[in-house]
$ cat model21.pdb   # PDB, N, CA and C atoms and all ligand atoms
ATOM      1  N   MET U 136     120.939 112.957  90.448
ATOM      2  CA  MET U 136     119.611 112.334  90.383
ATOM      3  C   MET U 136     118.925 112.735  89.084
ATOM      4  N   ARG U 137     118.434 111.728  88.391
ATOM      5  CA  ARG U 137     117.737 112.031  87.145
ATOM      6  C   ARG U 137     116.286 112.416  87.386
ATOM      7  N   PHE U 138     115.732 111.864  88.455
ATOM      8  CA  PHE U 138     114.320 112.118  88.739
ATOM      9  C   PHE U 138     114.182 112.616  90.181
ATOM     10  N   PRO U 139     114.601 113.861  90.420
ATOM     11  CA  PRO U 139     114.644 114.354  91.798
ATOM     12  C   PRO U 139     113.281 114.431  92.472
ATOM     13  N   ASP U 140     112.213 114.471  91.680
ATOM     14  CA  ASP U 140     110.884 114.628  92.282
ATOM     15  C   ASP U 140     110.188 113.303  92.544
ATOM     16  N   VAL U 141     110.856 112.218  92.159
ATOM     17  CA  VAL U 141     110.159 110.938  92.224
ATOM     18  C   VAL U 141     110.455 110.225  93.537
ATOM     19  N   ASP U 142     109.408 109.732  94.150
ATOM     20  CA  ASP U 142     109.569 108.908  95.344
ATOM     21  C   ASP U 142     109.656 107.451  94.918
ATOM     22  N   TRP U 143     110.771 106.834  95.211
ATOM     23  CA  TRP U 143     110.944 105.437  94.844
ATOM     24  C   TRP U 143     110.671 104.566  96.050
ATOM     25  N   SER U 144     110.007 103.439  95.787
ATOM     26  CA  SER U 144     109.893 102.475  96.873
ATOM     27  C   SER U 144     110.219 101.094  96.336
ATOM     28  N   CYS U 145     110.690 100.237  97.200
ATOM     29  CA  CYS U 145     111.131  98.911  96.812
ATOM     30  C   CYS U 145     109.958  98.084  96.308
ATOM     31  N   ASP U 146     110.168  97.397  95.197
ATOM     32  CA  ASP U 146     109.116  96.541  94.643
ATOM     33  C   ASP U 146     108.804  95.374  95.571
ATOM     34  N   GLU U 147     109.759  95.036  96.376
ATOM     35  CA  GLU U 147     109.657  93.816  97.156
ATOM     36  C   GLU U 147     109.140  94.084  98.571
ATOM     37  N   CYS U 148     109.743  95.044  99.245
ATOM     38  CA  CYS U 148     109.373  95.276 100.650
ATOM     39  C   CYS U 148     108.765  96.661 100.858
ATOM     40  N   PHE U 149     108.659  97.445  99.767
ATOM     41  CA  PHE U 149     107.993  98.746  99.789
ATOM     42  C   PHE U 149     108.678  99.769 100.680
ATOM     43  N   THR U 150     109.922  99.500 101.033
ATOM     44  CA  THR U 150     110.696 100.496 101.767
ATOM     45  C   THR U 150     110.917 101.715 100.877
ATOM     46  N   TYR U 151     110.884 102.882 101.511
ATOM     47  CA  TYR U 151     111.152 104.122 100.797
ATOM     48  C   TYR U 151     112.633 104.176 100.462
ATOM     49  N   LEU U 152     112.939 104.126  99.156
ATOM     50  CA  LEU U 152     114.338 103.995  98.753
ATOM     51  C   LEU U 152     115.104 105.313  98.827
ATOM     52  N   ASN U 153     114.392 106.413  98.613
ATOM     53  CA  ASN U 153     115.090 107.702  98.516
ATOM     54  C   ASN U 153     115.945 108.009  99.738
ATOM     55  N   GLU U 154     115.537 107.484 100.898
ATOM     56  CA  GLU U 154     116.290 107.844 102.100
ATOM     57  C   GLU U 154     117.302 106.770 102.489
ATOM     58  N   GLN U 155     117.469 105.757 101.638
ATOM     59  CA  GLN U 155     118.505 104.782 101.931
ATOM     60  C   GLN U 155     119.870 105.413 101.642
ATOM     61  N   PRO U 156     120.873 105.099 102.465
ATOM     62  CA  PRO U 156     122.186 105.748 102.295
ATOM     63  C   PRO U 156     122.781 105.498 100.920
ATOM     64  N   GLY U 157     123.173 106.582 100.266
ATOM     65  CA  GLY U 157     123.831 106.475  98.967
ATOM     66  C   GLY U 157     122.887 106.287  97.809
ATOM     67  N   PHE U 158     121.572 106.375  98.046
ATOM     68  CA  PHE U 158     120.623 106.117  96.964
ATOM     69  C   PHE U 158     120.860 107.037  95.778
ATOM     70  N   THR U 159     120.853 106.428  94.585
ATOM     71  CA  THR U 159     120.943 107.210  93.353
ATOM     72  C   THR U 159     120.120 106.503  92.288
ATOM     73  N   ASP U 160     119.568 107.296  91.376
ATOM     74  CA  ASP U 160     118.834 106.695  90.256
ATOM     75  C   ASP U 160     119.687 106.712  88.989
ATOM     76  N   GLU U 161     120.942 107.102  89.128
ATOM     77  CA  GLU U 161     121.811 107.269  87.951
ATOM     78  C   GLU U 161     122.060 105.961  87.207
ATOM     79  N   ASN U 162     122.041 104.849  87.916
ATOM     80  CA  ASN U 162     122.410 103.575  87.291
ATOM     81  C   ASN U 162     121.218 102.821  86.718
ATOM     82  N   GLY U 163     120.028 103.373  86.904
ATOM     83  CA  GLY U 163     118.836 102.682  86.385
ATOM     84  C   GLY U 163     118.344 101.578  87.278
ATOM     85  N   SER U 164     119.087 101.288  88.309
ATOM     86  CA  SER U 164     118.606 100.310  89.275
ATOM     87  C   SER U 164     119.246 100.590  90.625
ATOM     88  N   TRP U 165     118.620 100.086  91.646
ATOM     89  CA  TRP U 165     119.127 100.290  93.006
ATOM     90  C   TRP U 165     118.852  99.029  93.794
ATOM     91  N   THR U 166     119.869  98.557  94.478
ATOM     92  CA  THR U 166     119.663  97.386  95.315
ATOM     93  C   THR U 166     119.191  97.844  96.690
ATOM     94  N   CYS U 167     117.993  97.418  97.021
ATOM     95  CA  CYS U 167     117.377  97.798  98.294
ATOM     96  C   CYS U 167     118.270  97.358  99.441
ATOM     97  N   THR U 168     118.566  98.287 100.364
ATOM     98  CA  THR U 168     119.437  97.922 101.480
ATOM     99  C   THR U 168     118.671  97.153 102.549
ATOM    100  N   SER U 169     117.342  97.128 102.444
ATOM    101  CA  SER U 169     116.567  96.394 103.434
ATOM    102  C   SER U 169     116.444  94.920 103.076
ATOM    103  N   CYS U 170     116.119  94.632 101.811
ATOM    104  CA  CYS U 170     115.850  93.240 101.448
ATOM    105  C   CYS U 170     116.774  92.728 100.348
ATOM    106  N   GLY U 171     117.597  93.610  99.770
ATOM    107  CA  GLY U 171     118.542  93.163  98.745
ATOM    108  C   GLY U 171     117.940  93.041  97.367
ATOM    109  N   HIS U 172     116.653  93.378  97.215
ATOM    110  CA  HIS U 172     116.016  93.313  95.909
ATOM    111  C   HIS U 172     116.563  94.412  95.007
ATOM    112  N   GLU U 173     116.844  94.038  93.743
ATOM    113  CA  GLU U 173     117.321  95.039  92.806
ATOM    114  C   GLU U 173     116.116  95.702  92.152
ATOM    115  N   CYS U 174     115.944  96.974  92.452
ATOM    116  CA  CYS U 174     114.769  97.696  91.976
ATOM    117  C   CYS U 174     115.151  98.527  90.760
ATOM    118  N   ALA U 175     114.345  98.459  89.726
ATOM    119  CA  ALA U 175     114.564  99.311  88.570
ATOM    120  C   ALA U 175     114.127 100.731  88.923
ATOM    121  N   VAL U 176     115.004 101.688  88.666
ATOM    122  CA  VAL U 176     114.639 103.089  88.889
ATOM    123  C   VAL U 176     114.822 103.843  87.571
ATOM    124  N   THR U 177     113.884 103.607  86.665
ATOM    125  CA  THR U 177     113.921 104.238  85.351
ATOM    126  C   THR U 177     112.599 104.925  85.099
ATOM    127  N   ALA U 178     112.564 105.726  84.044
ATOM    128  CA  ALA U 178     111.345 106.455  83.718
ATOM    129  C   ALA U 178     110.165 105.505  83.528
ATOM    130  N   ASP U 179     110.446 104.294  83.066
ATOM    131  CA  ASP U 179     109.371 103.327  82.850
ATOM    132  C   ASP U 179     108.678 102.938  84.144
ATOM    133  N   ASN U 180     109.379 103.136  85.245
ATOM    134  CA  ASN U 180     108.842 102.684  86.518
ATOM    135  C   ASN U 180     108.109 103.785  87.268
ATOM    136  N   ILE U 181     108.101 104.967  86.686
ATOM    137  CA  ILE U 181     107.362 106.051  87.310
ATOM    138  C   ILE U 181     105.904 105.946  86.884
ATOM    139  N   LEU U 182     105.040 105.857  87.860
ATOM    140  CA  LEU U 182     103.623 105.793  87.542
ATOM    141  C   LEU U 182     103.159 107.166  87.082
ATOM    142  N   SER U 183     102.407 107.176  86.008
ATOM    143  CA  SER U 183     101.839 108.447  85.585
ATOM    144  C   SER U 183     100.807 108.889  86.611
ATOM    145  N   GLU U 184     100.587 110.187  86.674
ATOM    146  CA  GLU U 184      99.610 110.688  87.632
ATOM    147  C   GLU U 184      98.246 110.082  87.399
ATOM    148  N   GLU U 185      97.951 109.830  86.124
ATOM    149  CA  GLU U 185      96.661 109.238  85.802
ATOM    150  C   GLU U 185      96.559 107.826  86.387
ATOM    151  N   ALA U 186      97.638 107.066  86.275
ATOM    152  CA  ALA U 186      97.624 105.712  86.807
ATOM    153  C   ALA U 186      97.485 105.729  88.325
ATOM    154  N   VAL U 187      98.161 106.699  88.960
ATOM    155  CA  VAL U 187      98.066 106.804  90.410
ATOM    156  C   VAL U 187      96.642 107.145  90.809
ATOM    157  N   GLU U 188      96.034 108.067  90.070
ATOM    158  CA  GLU U 188      94.675 108.467  90.365
ATOM    159  C   GLU U 188      93.712 107.285  90.240
ATOM    160  N   ARG U 189      93.902 106.523  89.158
ATOM    161  CA  ARG U 189      93.051 105.357  88.949
ATOM    162  C   ARG U 189      93.220 104.334  90.070
ATOM    163  N   ALA U 190      94.467 104.158  90.495
ATOM    164  CA  ALA U 190      94.739 103.200  91.559
ATOM    165  C   ALA U 190      94.112 103.669  92.871
ATOM    166  N   GLU U 191      94.199 104.974  93.124
ATOM    167  CA  GLU U 191      93.624 105.504  94.363
ATOM    168  C   GLU U 191      92.117 105.365  94.364
ATOM    169  N   GLN U 192      91.528 105.589  93.187
ATOM    170  CA  GLN U 192      90.086 105.444  93.067
ATOM    171  C   GLN U 192      89.679 103.995  93.313
ATOM    172  N   TRP U 193      90.447 103.079  92.712
ATOM    173  CA  TRP U 193      90.161 101.664  92.892
ATOM    174  C   TRP U 193      90.243 101.299  94.364
ATOM    175  N   LEU U 194      91.279 101.822  95.028
ATOM    176  CA  LEU U 194      91.469 101.506  96.442
ATOM    177  C   LEU U 194      90.337 102.068  97.286
ATOM    178  N   SER U 195      89.876 103.276  96.946
ATOM    179  CA  SER U 195      88.841 103.880  97.764
ATOM    180  C   SER U 195      87.507 103.158  97.570
ATOM    181  N   ASN U 196      87.366 102.477  96.434
ATOM    182  CA  ASN U 196      86.142 101.703  96.209
ATOM    183  C   ASN U 196      86.280 100.257  96.659
ATOM    184  N   PHE U 197      87.456  99.912  97.106
ATOM    185  CA  PHE U 197      87.732  98.524  97.446
ATOM    186  C   PHE U 197      86.943  98.117  98.678
ATOM    187  N   ASP U 198      86.191  97.045  98.534
ATOM    188  CA  ASP U 198      85.428  96.534  99.659
ATOM    189  C   ASP U 198      85.826  95.077  99.882
ATOM    190  N   PRO U 199      86.515  94.832 100.986
ATOM    191  CA  PRO U 199      87.011  93.460 101.204
ATOM    192  C   PRO U 199      85.895  92.430 101.257
ATOM    193  N   ASN U 200      84.675  92.885 101.539
ATOM    194  CA  ASN U 200      83.552  91.932 101.606
ATOM    195  C   ASN U 200      83.240  91.329 100.247
ATOM    196  N   ASN U 201      83.720  92.014  99.180
ATOM    197  CA  ASN U 201      83.508  91.464  97.851
ATOM    198  C   ASN U 201      84.534  90.385  97.497
ATOM    199  N   TYR U 202      85.495  90.245  98.384
ATOM    200  CA  TYR U 202      86.546  89.256  98.136
ATOM    201  C   TYR U 202      86.649  88.305  99.316
ATOM    202  N   PRO U 203      85.644  87.433  99.437
ATOM    203  CA  PRO U 203      85.637  86.542 100.606
ATOM    204  C   PRO U 203      86.865  85.641 100.650
ATOM    205  N   GLN U 204      87.344  85.418 101.843
ATOM    206  CA  GLN U 204      88.469  84.514 102.007
ATOM    207  C   GLN U 204      88.007  83.077 101.746
ATOM    208  N   PRO U 205      88.846  82.284 101.096
ATOM    209  CA  PRO U 205      88.463  80.897 100.816
ATOM    210  C   PRO U 205      88.339  80.085 102.100
TER     211      PRO U 205
HETATM  212 ZN    ZN U 301     113.347  96.007  99.600
END

$ encode --input "model21.pdb" --output "structure tokens"
Amino acid sequence: MRFPDVDWSCDECFTYLNEQPGFTDENGSWTCTSCGHECAVTADNILSEEAVERAEQWLSNFDPNNYPQP
């Protein structure tokens, strides 16, 4: 594993990839065993802590009432 500390999840179905049988990040991509989506597992796909923090902040401020359904 190149990134042993990274939690990978499928771009398509958000399944936790790390616990899928045979999962490895060595090839730079992994085909999700749940939906068959080929997920990139490279350093480019790791969110920086700052980006995660910003996303969490955005989510905590998210108010669905500001986004009325059409
Ligand atoms: Zn998937």

$ closest_atom_pairs --input "model21.pdb" --of "chain U" --to "ligand ZN 301 (chain U)" --cutoff "7 Å" --atoms "only N, CA and C atoms and all ligand atoms" --output "Markdown table"
| residue | atom | partner | partner_atom | distance |
| --- | --- | --- | --- | --- |
| U:Ser144 | C | U:ZN301 | ZN | 6.8 |
| U:Cys145 | CA | U:ZN301 | ZN | 4.6 |
| U:Asp146 | N | U:ZN301 | ZN | 5.6 |
| U:Glu147 | C | U:ZN301 | ZN | 4.7 |
| U:Cys148 | N | U:ZN301 | ZN | 3.7 |
| U:Phe149 | N | U:ZN301 | ZN | 4.9 |
| U:Thr150 | N | U:ZN301 | ZN | 5.1 |
| U:Thr166 | C | U:ZN301 | ZN | 6.8 |
| U:Cys167 | CA | U:ZN301 | ZN | 4.6 |
| U:Thr168 | N | U:ZN301 | ZN | 5.7 |
| U:Ser169 | C | U:ZN301 | ZN | 4.8 |
| U:Cys170 | N | U:ZN301 | ZN | 3.8 |
| U:Gly171 | N | U:ZN301 | ZN | 4.9 |
| U:His172 | N | U:ZN301 | ZN | 4.9 |

$ write_last_selection --input "model21.pdb" --atoms "N, CA and C atoms" --output "CSV table (one decimal), in the frame of the given file"
chain,number,residue,atom,x,y,z
U,144,SER,N,110.0,103.4,95.8
U,144,SER,CA,109.9,102.5,96.9
U,144,SER,C,110.2,101.1,96.3
U,145,CYS,N,110.7,100.2,97.2
U,145,CYS,CA,111.1,98.9,96.8
U,145,CYS,C,110.0,98.1,96.3
U,146,ASP,N,110.2,97.4,95.2
U,146,ASP,CA,109.1,96.5,94.6
U,146,ASP,C,108.8,95.4,95.6
U,147,GLU,N,109.8,95.0,96.4
U,147,GLU,CA,109.7,93.8,97.2
U,147,GLU,C,109.1,94.1,98.6
U,148,CYS,N,109.7,95.0,99.2
U,148,CYS,CA,109.4,95.3,100.6
U,148,CYS,C,108.8,96.7,100.9
U,149,PHE,N,108.7,97.4,99.8
U,149,PHE,CA,108.0,98.7,99.8
U,149,PHE,C,108.7,99.8,100.7
U,150,THR,N,109.9,99.5,101.0
U,150,THR,CA,110.7,100.5,101.8
U,150,THR,C,110.9,101.7,100.9
U,166,THR,N,119.9,98.6,94.5
U,166,THR,CA,119.7,97.4,95.3
U,166,THR,C,119.2,97.8,96.7
U,167,CYS,N,118.0,97.4,97.0
U,167,CYS,CA,117.4,97.8,98.3
U,167,CYS,C,118.3,97.4,99.4
U,168,THR,N,118.6,98.3,100.4
U,168,THR,CA,119.4,97.9,101.5
U,168,THR,C,118.7,97.2,102.5
U,169,SER,N,117.3,97.1,102.4
U,169,SER,CA,116.6,96.4,103.4
U,169,SER,C,116.4,94.9,103.1
U,170,CYS,N,116.1,94.6,101.8
U,170,CYS,CA,115.8,93.2,101.4
U,170,CYS,C,116.8,92.7,100.3
U,171,GLY,N,117.6,93.6,99.8
U,171,GLY,CA,118.5,93.2,98.7
U,171,GLY,C,117.9,93.0,97.4
U,172,HIS,N,116.7,93.4,97.2
U,172,HIS,CA,116.0,93.3,95.9
U,172,HIS,C,116.6,94.4,95.0

$ closest_residue --input "model21.pdb" --among "U:Asn200, U:Thr177, U:Leu152, U:Leu182" --to "Ser164 in chain U" --atoms "only N, CA and C atoms"
U:Thr177

$ closest_residue --input "model21.pdb" --among "U:Ala186, U:Leu194, U:Ile181, U:Ala175" --to "Glu161 in chain U" --atoms "only C-alpha atoms"
U:Ala175

$ atom_distance --input "model21.pdb" --atom1 "atom N of Asp142 in chain U" --atom2 "CA of Gln192 in chain U"
19.8 Å

$ closest_residue --input "model21.pdb" --among "U:Pro203, U:Pro139, U:Phe158, U:Asn196" --to "Cys174 in chain U" --atoms "only C-alpha atoms"
U:Phe158

$ atom_distance --input "model21.pdb" --atom1 "atom N of Val176 in chain U" --atom2 "atom N of Asp140 in chain U"
13.4 Å

$ atom_distance --input "model21.pdb" --atom1 "atom C of Thr159 in chain U" --atom2 "CA of Ala190 in chain U"
25.6 Å

$ select_by_dssp --input "model21.pdb" --residues "chain U" --states "helix (DSSP H, G or I)" --output "list in words"
Ala178, Asp179, Asn180, Glu184, Glu185, Ala186, Val187, Glu188, Arg189, Ala190, Glu191, Gln192, Trp193, Leu194, Ser195, Asn196, Pro199, Asn200 and Asn201 of chain U
